[in-house]
Amino acid sequence: MDYYVGIISGTSMDAIDAVLVDYSTMPGKIIATCSEPMPDDIRSDFGLLQLVPSNPFTFLLLGKLEVQIGKAFAQTVNKLLQATNLQKVHIKAIGSHGQTVWHQPDGENPFTIQIGDPNIIAEETGITTVADFRRRDMAVGGQGAPFAPVFHEALFRNAAEDRIVLNLGGIANISVLPKNLEKPITGFDTGPANTLSDLWTQKYLSKSFDENGHWAASGCINEGLLKLMLKDPYFDRPNPKSTGREYFNFVWIDKNLQSFNTSVKPADVQATLVELTALTVLKGIQQCGLTSGSLYVCGGGAKNCHLMERIRYHVATFKILSTCELGIPAEWMEALAFAWFAKNTINGQSVNLTNVTGARKAVILGGIYQS
């Protein structure tokens, strides 16, 4: 058996997802899963949410969160193992993505920061931990994201059809898998998925997210505001490209509303934000040159009925399905990926695709923290 644990907290910062998988053969066999809410004292306005643009923070706060998230990740892994008859000695490694608090892949000094001390994870679980995957890719000129396309290729590429895998997390990203196996795969972040609509929901409904998109569905798309938002230069940038919450955030929404300079009902803003996600997903697909095939969706946004309805409306030439149809539960895709990345790191294999991230060469990702 070849057991690995993958653990991640995404852009939404709302939960810690962990999966135990046997990678003796691909696509792997899920043994157990665990999802724990991000503790309120970590996520609150005095915690992670303070590490966003326009909020001042101290290194004391950053250091405290580094430790707290490391402990929270370790506790989640330990809880995961308690649900099985496996012991820590059975697990080859944990692949920890950490919690991204800033991702700036462009400019004179590109950098990315994921917190959740892997030393603590290794110590408190007794399991070798692989972490800090993104910075090695950036050290050779890459974006440090997205990494999912190489995992999606290993799982899903098929000579019978053109496939795109769409991950709807806080940020939306696509993996393009041509049926012509001689063509390279590609992938990039298309723009915001849930992060903007979540922030808007938190402000006006005091809820963490708009369940099933009910609030967005009650509003009307403001075409003028939508047109303004679509002018953001990120959407027209060629790939490789990646982005995050440090770019698409409440400040971004507010800037666009101020530039629009016309009052818009909150529910209409929400409807417009969802439409923005659907249209920028379409734009990303069009940039890749595929006009038909199958679009397989994963991530939390796959459960948002209204968002999925708008994507189906705009991406009408594709058959749209969940990755569940291919045997991989949509909600565990990212955690599974980081278990697989850990396996590759332990085995000394590179997984960064240079044509996806823009790196100068393929390198072995992540640091290994021995138990």
# chains A, B, ... in the order shown; residues from 1 in each chain; ligands from 1
$ closest_atom_pairs --of "range 331-370 of chain A" --to "range 32-44 of chain A" --cutoff "12 Å" --atoms "only C-alpha atoms" --output "Markdown table"
| residue | atom | partner | partner_atom | distance |
| --- | --- | --- | --- | --- |
| A:Glu331 | CA | A:Ser35 | CA | 9.9 |
| A:Trp332 | CA | A:Thr33 | CA | 8.1 |
| A:Met333 | CA | A:Thr33 | CA | 11.5 |
| A:Ala335 | CA | A:Thr33 | CA | 9.4 |
| A:Leu336 | CA | A:Thr33 | CA | 10.0 |
$ residues_around --residues "range 200-204 of chain A" --least-positions-apart "2" --cutoff "10 Å" --atoms "only C-alpha atoms" --output "NGL selection string"
:A and (195-198 or 206-211 or 215-216 or 249-250 or 253 or 266-267 or 269-270 or 273)
$ closest_residue --among "A:Leu353, A:Leu279, A:Ala145, A:Leu81" --to "Ile127 in chain A" --atoms "only C-alpha atoms"
A:Leu81
$ closest_residue --among "A:Met138, A:Cys324, A:Leu225, A:Ile311" --to "Arg360 in chain A" --atoms "only C-alpha atoms"
A:Met138
$ select_by_dssp --residues "range 152-291 of chain A" --states "alpha helix (DSSP H)" --output "number ranges by chain"
A: 152-156, 195-205, 214-218, 223-229, 250-260, 266-288
$ write_last_selection --atoms "C-alpha atoms" --output "mmCIF file, in the first residue's frame"
data_model
loop_
_atom_site.group_PDB
_atom_site.id
_atom_site.type_symbol
_atom_site.label_atom_id
_atom_site.label_comp_id
_atom_site.auth_asym_id
_atom_site.auth_seq_id
_atom_site.Cartn_x
_atom_site.Cartn_y
_atom_site.Cartn_z
ATOM 1 C CA HIS A 152 -5.762 16.361 -13.930
ATOM 2 C CA GLU A 153 -3.731 15.086 -16.878
ATOM 3 C CA ALA A 154 -2.633 12.026 -14.891
ATOM 4 C CA LEU A 155 -6.235 11.286 -13.930
ATOM 5 C CA PHE A 156 -8.412 12.383 -16.800
ATOM 6 C CA THR A 195 -14.313 34.725 -3.418
ATOM 7 C CA LEU A 196 -16.099 37.936 -4.505
ATOM 8 C CA SER A 197 -19.640 36.626 -4.083
ATOM 9 C CA ASP A 198 -18.694 35.189 -0.660
ATOM 10 C CA LEU A 199 -17.324 38.539 0.477
ATOM 11 C CA TRP A 200 -20.438 40.358 -0.754
ATOM 12 C CA THR A 201 -22.681 37.831 1.003
ATOM 13 C CA GLN A 202 -20.757 38.225 4.247
ATOM 14 C CA LYS A 203 -21.198 41.978 4.111
ATOM 15 C CA TYR A 204 -24.931 42.098 3.371
ATOM 16 C CA LEU A 205 -26.337 38.827 4.680
ATOM 17 C CA HIS A 214 -30.360 31.793 -4.073
ATOM 18 C CA TRP A 215 -29.585 35.449 -3.329
ATOM 19 C CA ALA A 216 -27.820 35.940 -6.665
ATOM 20 C CA ALA A 217 -30.776 34.347 -8.454
ATOM 21 C CA SER A 218 -33.113 36.874 -6.803
ATOM 22 C CA GLU A 223 -24.990 45.012 -17.601
ATOM 23 C CA GLY A 224 -23.189 48.331 -17.152
ATOM 24 C CA LEU A 225 -21.409 47.222 -13.982
ATOM 25 C CA LEU A 226 -20.605 43.860 -15.559
ATOM 26 C CA LYS A 227 -19.087 45.534 -18.606
ATOM 27 C CA LEU A 228 -16.912 47.681 -16.342
ATOM 28 C CA MET A 229 -15.715 44.676 -14.318
ATOM 29 C CA PHE A 250 -13.669 43.567 -1.449
ATOM 30 C CA VAL A 251 -11.432 46.495 -2.406
ATOM 31 C CA TRP A 252 -11.748 45.348 -6.032
ATOM 32 C CA ILE A 253 -15.558 45.286 -5.769
ATOM 33 C CA ASP A 254 -15.667 48.685 -4.111
ATOM 34 C CA LYS A 255 -13.341 50.226 -6.690
ATOM 35 C CA ASN A 256 -15.606 49.061 -9.504
ATOM 36 C CA LEU A 257 -18.756 50.284 -7.748
ATOM 37 C CA GLN A 258 -17.201 53.706 -7.199
ATOM 38 C CA SER A 259 -16.097 53.903 -10.839
ATOM 39 C CA PHE A 260 -19.578 52.893 -11.988
ATOM 40 C CA PRO A 266 -26.942 44.517 -3.251
ATOM 41 C CA ALA A 267 -28.773 41.520 -4.751
ATOM 42 C CA ASP A 268 -28.073 42.891 -8.245
ATOM 43 C CA VAL A 269 -24.378 43.234 -7.410
ATOM 44 C CA GLN A 270 -24.421 39.593 -6.295
ATOM 45 C CA ALA A 271 -26.074 38.501 -9.537
ATOM 46 C CA THR A 272 -23.485 40.490 -11.485
ATOM 47 C CA LEU A 273 -20.577 38.905 -9.601
ATOM 48 C CA VAL A 274 -21.840 35.424 -10.446
ATOM 49 C CA GLU A 275 -22.235 36.413 -14.095
ATOM 50 C CA LEU A 276 -18.668 37.749 -14.034
ATOM 51 C CA THR A 277 -17.417 34.316 -12.960
ATOM 52 C CA ALA A 278 -19.402 32.531 -15.680
ATOM 53 C CA LEU A 279 -18.267 34.893 -18.433
ATOM 54 C CA THR A 280 -14.599 34.839 -17.442
ATOM 55 C CA VAL A 281 -14.689 31.028 -17.385
ATOM 56 C CA LEU A 282 -16.053 31.198 -20.935
ATOM 57 C CA LYS A 283 -13.366 33.700 -21.923
ATOM 58 C CA GLY A 284 -10.651 31.434 -20.538
ATOM 59 C CA ILE A 285 -11.976 28.479 -22.508
ATOM 60 C CA GLN A 286 -12.134 30.565 -25.678
ATOM 61 C CA GLN A 287 -8.531 31.666 -25.167
ATOM 62 C CA CYS A 288 -7.518 27.993 -25.257
#
$ closest_residue --among "A:Pro110, A:Gly187, A:Gly219, A:Gly6" --to "Ile30 in chain A" --atoms "only C-alpha atoms"
A:Gly6
$ residues_around --residues "Lys241 in chain A" --least-positions-apart "3" --cutoff "8 Å" --atoms "only C-alpha atoms" --output "list in words"
Gln143, Ala145, Phe188, Asp189, Arg237, Pro238 and Thr357 of chain A
$ write_last_selection --atoms "N, CA and C atoms" --output "PDB file, in the first residue's frame"
ATOM      1  N   GLN A 143       4.862  30.820 -12.263  1.00  0.00           N
ATOM      2  CA  GLN A 143       3.809  31.516 -11.538  1.00  0.00           C
ATOM      3  C   GLN A 143       3.556  30.899 -10.163  1.00  0.00           C
ATOM      4  N   ALA A 145       1.649  28.531  -9.763  1.00  0.00           N
ATOM      5  CA  ALA A 145       0.243  28.101  -9.858  1.00  0.00           C
ATOM      6  C   ALA A 145      -0.192  28.254 -11.318  1.00  0.00           C
ATOM      7  N   PHE A 188      -4.723  27.704 -16.376  1.00  0.00           N
ATOM      8  CA  PHE A 188      -4.461  28.978 -15.712  1.00  0.00           C
ATOM      9  C   PHE A 188      -5.683  29.380 -14.906  1.00  0.00           C
ATOM     10  N   ASP A 189      -5.511  30.398 -14.078  1.00  0.00           N
ATOM     11  CA  ASP A 189      -6.622  30.969 -13.317  1.00  0.00           C
ATOM     12  C   ASP A 189      -7.404  31.901 -14.235  1.00  0.00           C
ATOM     13  N   ARG A 237      -5.149  39.146 -20.123  1.00  0.00           N
ATOM     14  CA  ARG A 237      -3.748  38.739 -20.102  1.00  0.00           C
ATOM     15  C   ARG A 237      -3.587  37.343 -20.672  1.00  0.00           C
ATOM     16  N   PRO A 238      -2.556  37.124 -21.465  1.00  0.00           N
ATOM     17  CA  PRO A 238      -2.294  35.757 -21.936  1.00  0.00           C
ATOM     18  C   PRO A 238      -1.761  34.900 -20.790  1.00  0.00           C
ATOM     19  N   THR A 357       2.936  26.846 -15.912  1.00  0.00           N
ATOM     20  CA  THR A 357       3.333  27.886 -14.947  1.00  0.00           C
ATOM     21  C   THR A 357       4.289  28.908 -15.548  1.00  0.00           C
TER      22      THR A 357
END
$ closest_residue --among "A:Phe341, A:Phe248, A:Phe147, A:Tyr4" --to "Ile94 in chain A" --atoms "only C-alpha atoms"
A:Tyr4
$ closest_atom_pairs --of "range 224-304 of chain A" --to "range 157-174 of chain A" --cutoff "9 Å" --atoms "only C-alpha atoms" --output "CSV"
residue,atom,partner,partner_atom,distance
A:Ser242,CA,A:Asn173,CA,8.5
A:Thr243,CA,A:Ile171,CA,7.6
A:Gly244,CA,A:Ile171,CA,6.4
A:Arg245,CA,A:Gly170,CA,7.8
A:Phe248,CA,A:Ile171,CA,8.6
A:Thr277,CA,A:Ala172,CA,7.8
A:Thr280,CA,A:Ala172,CA,8.9
A:Val281,CA,A:Ala172,CA,7.4
A:Gly284,CA,A:Ile174,CA,7.8
A:Ile285,CA,A:Ile174,CA,7.9
A:Leu290,CA,A:Asp162,CA,7.8
A:Ser292,CA,A:Asp162,CA,7.4
A:Gly293,CA,A:Asp162,CA,4.9
A:Ser294,CA,A:Arg163,CA,5.0
A:Leu295,CA,A:Ile164,CA,4.8
A:Tyr296,CA,A:Val165,CA,4.8
A:Val297,CA,A:Leu166,CA,4.7
A:Cys298,CA,A:Asn167,CA,4.8
A:Gly299,CA,A:Leu168,CA,4.8
A:Gly300,CA,A:Gly169,CA,5.6
A:Gly301,CA,A:Leu168,CA,4.7
A:Ala302,CA,A:Leu168,CA,6.4
$ closest_residue --among "A:Ala193, A:Leu65, A:Val77, A:Leu177" --to "Ile16 in chain A" --atoms "only C-alpha atoms"
A:Val77
